Amino acid sequence: MLDIAEELHRWVEQGRDFAVATVVATGGSAPRQPGAALAVDRDGTAIGSVSGGCVEGAVYELCRQALEDGSTVLERFGYSDDDAFAVGLTCGGVIDILVTPVRADGPTRPVFAAALAAAARGEAAAVARVTSGPRELLGRVLLVRGAAGQEGGFGAHEGGFGGHPALDRTVAGQARAMLDAGRTGTVEIGADGSRCGQPLTVLVESSVPPPRMIVFGAIDFASALVRAGKFLGHHVTVCDARPVFATRERFPEADEVVVRWPHEYLADTEVDGRTVLCVLTHDAKFDVPLLRLALRLPVAYVGAMGSRRTHLDRLARLREVGVSDLELARLRSPIGLDLGARTPEETALSIAAEVVALRRGGSGVPLTGAHTPIHHEGAGGRVGSVA
């Protein structure tokens, strides 16, 4: 749902009623991951997608029905062998869809509104909803904003289910952990942990600021990589010690252009477990102090450009300044996947492909002839459990 937060936030501000259908679980070769959503308002306007087209029509009708009767429904869609024209996923996967009405007269409207507003502003927020458990809990929502508190919950509304603040605390703790990691997926909570006598499955959707990509080296390859990084949704910074090259005119699409020695900038700036560091300078006076620091930071990716000879020389220089073999094992060098790239654009594509493969757990080999799953668990889905 938070993937279409900006549009839904506008609907809330306009006072429009709508129903939102969210992918809460997948199996097989499902086209969309948990958190993907489609929303429909009372006029029939639709935004978003839950299946890439396979079952959109049926989900659209479920949203229209939910708006009319005010009920939350959980529906499963899969491939039908008996009738090839039946509503189902032609790819052979299975998806579970939770359809929730968000009406002006509904008790959860303020919580949904707060969550959508936070996500639309780019603030860190996580929304938790029960997808499997007591019927009374379907449709309830809990919002957490890191250490800034929480709103809503699973026992705070009218409707025949007594409050369970212990359940809210359990879910809020799980949601904050997933928010810290920037992850969306489901959490299994056992009967003891749920405090309501039944096991629960909770979908947690996280909305976090864009991950950072820092490109060191203001060269022509960097310009193409900036565009690729922005396309992937990163907040992109270009850093170079040479003011004649690190200019806004050369990198108009970058979010920031910084003129500093790379290792000094990296020491002073914020990074996290999603940050991507791309070192394109292939100059030892820049590379060695920068990589010595970068390989000791808790970032997602550290890659360095250069030939294989440059790579071997770089490794020797880094060992001389105390970088361990364990730290060197984190270095992606020569940077990128083997695409036979030659142009700056092709090279940027190979780097971006390696970043995605590392983040999603992909092998980087062609899918043709391979027998590995197209979609990996690392991309979403079930992520944890609580007894």
# chains A, B, ... in the order shown; residues from 1 in each chain; ligands from 1

$ residues_around --residues "segment 237-254 of chain A" --least-positions-apart "3" --cutoff "9 Å" --atoms "only C-alpha atoms" --output "NGL selection string"
:A and (212-220 or 222-223 or 226-227 or 230 or 257-262 or 265 or 281 or 286)

$ write_last_selection --atoms "C-alpha atoms" --output "mmCIF file, in the first residue's frame"
data_model
loop_
_atom_site.group_PDB
_atom_site.id
_atom_site.type_symbol
_atom_site.label_atom_id
_atom_site.label_comp_id
_atom_site.auth_asym_id
_atom_site.auth_seq_id
_atom_site.Cartn_x
_atom_site.Cartn_y
_atom_site.Cartn_z
ATOM 1 C CA ARG A 212 21.915 6.243 -0.668
ATOM 2 C CA MET A 213 24.263 5.697 -3.579
ATOM 3 C CA ILE A 214 27.547 7.579 -3.287
ATOM 4 C CA VAL A 215 29.598 7.734 -6.479
ATOM 5 C CA PHE A 216 33.238 8.663 -5.934
ATOM 6 C CA GLY A 217 34.961 10.035 -9.019
ATOM 7 C CA ALA A 218 33.364 12.692 -11.230
ATOM 8 C CA ILE A 219 34.115 10.992 -14.550
ATOM 9 C CA ASP A 220 31.918 10.330 -17.590
ATOM 10 C CA ALA A 222 29.751 8.522 -13.122
ATOM 11 C CA SER A 223 27.198 10.547 -15.056
ATOM 12 C CA VAL A 226 23.922 8.636 -11.511
ATOM 13 C CA ARG A 227 21.068 8.125 -13.959
ATOM 14 C CA LYS A 230 18.127 7.451 -9.729
ATOM 15 C CA VAL A 257 27.559 17.098 -5.790
ATOM 16 C CA VAL A 258 30.326 17.333 -3.181
ATOM 17 C CA VAL A 259 33.866 18.669 -3.607
ATOM 18 C CA ARG A 260 35.969 16.953 -0.933
ATOM 19 C CA TRP A 261 38.564 14.264 -0.577
ATOM 20 C CA PRO A 262 36.481 11.082 -0.806
ATOM 21 C CA TYR A 265 33.536 12.974 3.056
ATOM 22 C CA THR A 281 38.397 7.064 -9.409
ATOM 23 C CA PHE A 286 41.989 8.448 -3.667
#

$ residues_around --residues "Arg145 of chain A" --least-positions-apart "4" --cutoff "10 Å" --atoms "only C-alpha atoms" --output "JSON, numbers by chain"
{"A": [115, 118, 123, 124, 125, 126, 127, 149, 150, 151, 172, 175, 176, 179, 180, 206, 207]}

$ write_last_selection --atoms "N, CA, C and O atoms" --output "PDB file, in the first residue's frame"
ATOM      1  N   ALA A 115      -0.433   7.210   8.243  1.00  0.00           N
ATOM      2  CA  ALA A 115       0.596   6.389   7.594  1.00  0.00           C
ATOM      3  C   ALA A 115       0.885   6.881   6.185  1.00  0.00           C
ATOM      4  O   ALA A 115       2.049   6.997   5.769  1.00  0.00           O
ATOM      5  N   ALA A 118       2.796  10.224   6.247  1.00  0.00           N
ATOM      6  CA  ALA A 118       4.211  10.042   6.588  1.00  0.00           C
ATOM      7  C   ALA A 118       4.990   9.498   5.404  1.00  0.00           C
ATOM      8  O   ALA A 118       6.081   9.980   5.077  1.00  0.00           O
ATOM      9  N   GLU A 123       9.017  10.120   5.184  1.00  0.00           N
ATOM     10  CA  GLU A 123       9.415   9.803   6.555  1.00  0.00           C
ATOM     11  C   GLU A 123       9.396   8.295   6.779  1.00  0.00           C
ATOM     12  O   GLU A 123       8.693   7.551   6.093  1.00  0.00           O
ATOM     13  N   ALA A 124      10.170   7.844   7.743  1.00  0.00           N
ATOM     14  CA  ALA A 124      10.201   6.429   8.082  1.00  0.00           C
ATOM     15  C   ALA A 124       8.931   6.050   8.842  1.00  0.00           C
ATOM     16  O   ALA A 124       8.577   6.670   9.849  1.00  0.00           O
ATOM     17  N   ALA A 125       8.216   5.053   8.336  1.00  0.00           N
ATOM     18  CA  ALA A 125       6.984   4.596   8.978  1.00  0.00           C
ATOM     19  C   ALA A 125       6.727   3.158   8.568  1.00  0.00           C
ATOM     20  O   ALA A 125       7.111   2.728   7.476  1.00  0.00           O
ATOM     21  N   ALA A 126       6.074   2.403   9.443  1.00  0.00           N
ATOM     22  CA  ALA A 126       5.715   1.015   9.136  1.00  0.00           C
ATOM     23  C   ALA A 126       4.264   0.789   9.533  1.00  0.00           C
ATOM     24  O   ALA A 126       3.825   1.220  10.600  1.00  0.00           O
ATOM     25  N   VAL A 127       3.543   0.108   8.657  1.00  0.00           N
ATOM     26  CA  VAL A 127       2.137  -0.225   8.874  1.00  0.00           C
ATOM     27  C   VAL A 127       2.028  -1.728   9.047  1.00  0.00           C
ATOM     28  O   VAL A 127       2.539  -2.495   8.226  1.00  0.00           O
ATOM     29  N   GLY A 149       6.770   6.630  18.623  1.00  0.00           N
ATOM     30  CA  GLY A 149       5.468   6.193  19.095  1.00  0.00           C
ATOM     31  C   GLY A 149       4.697   5.409  18.066  1.00  0.00           C
ATOM     32  O   GLY A 149       5.209   5.035  17.010  1.00  0.00           O
ATOM     33  N   GLN A 150       3.427   5.160  18.381  1.00  0.00           N
ATOM     34  CA  GLN A 150       2.577   4.360  17.511  1.00  0.00           C
ATOM     35  C   GLN A 150       1.148   4.868  17.557  1.00  0.00           C
ATOM     36  O   GLN A 150       0.763   5.588  18.478  1.00  0.00           O
ATOM     37  N   GLU A 151       0.388   4.479  16.540  1.00  0.00           N
ATOM     38  CA  GLU A 151      -1.029   4.850  16.454  1.00  0.00           C
ATOM     39  C   GLU A 151      -1.826   3.625  16.062  1.00  0.00           C
ATOM     40  O   GLU A 151      -1.340   2.730  15.391  1.00  0.00           O
ATOM     41  N   ALA A 172       4.244  -4.046  17.476  1.00  0.00           N
ATOM     42  CA  ALA A 172       5.004  -2.804  17.321  1.00  0.00           C
ATOM     43  C   ALA A 172       6.504  -3.072  17.361  1.00  0.00           C
ATOM     44  O   ALA A 172       7.273  -2.481  16.590  1.00  0.00           O
ATOM     45  N   ALA A 175       7.440  -4.584  14.053  1.00  0.00           N
ATOM     46  CA  ALA A 175       7.354  -3.579  12.991  1.00  0.00           C
ATOM     47  C   ALA A 175       8.541  -2.627  13.042  1.00  0.00           C
ATOM     48  O   ALA A 175       9.097  -2.243  12.005  1.00  0.00           O
ATOM     49  N   ARG A 176       8.958  -2.235  14.240  1.00  0.00           N
ATOM     50  CA  ARG A 176      10.109  -1.335  14.346  1.00  0.00           C
ATOM     51  C   ARG A 176      11.380  -2.004  13.859  1.00  0.00           C
ATOM     52  O   ARG A 176      12.233  -1.374  13.226  1.00  0.00           O
ATOM     53  N   LEU A 179      11.221  -1.942  10.189  1.00  0.00           N
ATOM     54  CA  LEU A 179      11.398  -0.570   9.715  1.00  0.00           C
ATOM     55  C   LEU A 179      12.875  -0.196   9.739  1.00  0.00           C
ATOM     56  O   LEU A 179      13.388   0.434   8.805  1.00  0.00           O
ATOM     57  N   ASP A 180      13.575  -0.583  10.785  1.00  0.00           N
ATOM     58  CA  ASP A 180      15.007  -0.288  10.874  1.00  0.00           C
ATOM     59  C   ASP A 180      15.776  -0.901   9.714  1.00  0.00           C
ATOM     60  O   ASP A 180      16.770  -0.348   9.236  1.00  0.00           O
ATOM     61  N   SER A 206       7.022  -1.346   5.217  1.00  0.00           N
ATOM     62  CA  SER A 206       7.926  -0.284   5.644  1.00  0.00           C
ATOM     63  C   SER A 206       8.086   0.758   4.548  1.00  0.00           C
ATOM     64  O   SER A 206       8.225   0.422   3.366  1.00  0.00           O
ATOM     65  N   SER A 207       8.035   2.001   4.947  1.00  0.00           N
ATOM     66  CA  SER A 207       8.349   3.113   4.055  1.00  0.00           C
ATOM     67  C   SER A 207       9.521   3.865   4.656  1.00  0.00           C
ATOM     68  O   SER A 207       9.442   4.362   5.784  1.00  0.00           O
TER      69      SER A 207
END

$ residues_around --residues "Leu331 of chain A" --least-positions-apart "5" --cutoff "8 Å" --atoms "only C-alpha atoms" --output "compact mmCIF listing (two decimals) with N, CA and C atoms, in the first residue's frame"
# COMPACT_ATOMS: atom_id res chain seq x y z
N LEU A 295 35.41 -0.38 3.52
CA LEU A 295 35.29 -1.81 3.77
C LEU A 295 35.09 -2.14 5.24
N TYR A 301 27.02 -2.36 -0.16
CA TYR A 301 27.81 -2.65 -1.37
C TYR A 301 28.99 -1.71 -1.44
N VAL A 302 30.16 -2.28 -1.73
CA VAL A 302 31.36 -1.48 -2.01
C VAL A 302 31.97 -2.03 -3.29
N GLY A 303 31.98 -1.21 -4.34
CA GLY A 303 32.55 -1.63 -5.61
C GLY A 303 33.58 -0.63 -6.09
N ALA A 304 34.60 -1.12 -6.80
CA ALA A 304 35.66 -0.25 -7.29
C ALA A 304 35.98 -0.56 -8.75

$ closest_residue --among "A:Val40, A:Val94, A:Leu312, A:Leu225" --to "Ala348 of chain A" --atoms "only C-alpha atoms"
A:Leu225

$ select_by_dssp --residues "segment 5-70 of chain A" --states "helix (DSSP H, G or I)" --output "ChimeraX atom specification"
/A:5-13,56-69

$ atom_distance --atom1 "atom CA of Gly15 of chain A" --atom2 "atom CA of Pro110 of chain A"
11.8 Å

$ closest_residue --among "A:Pro34, A:Pro165, A:Gly48, A:Gly361" --to "Thr184 of chain A" --atoms "only C-alpha atoms"
A:Pro34

$ atom_distance --atom1 "atom CA of Asp338 of chain A" --atom2 "atom CA of Val276 of chain A"
19.0 Å
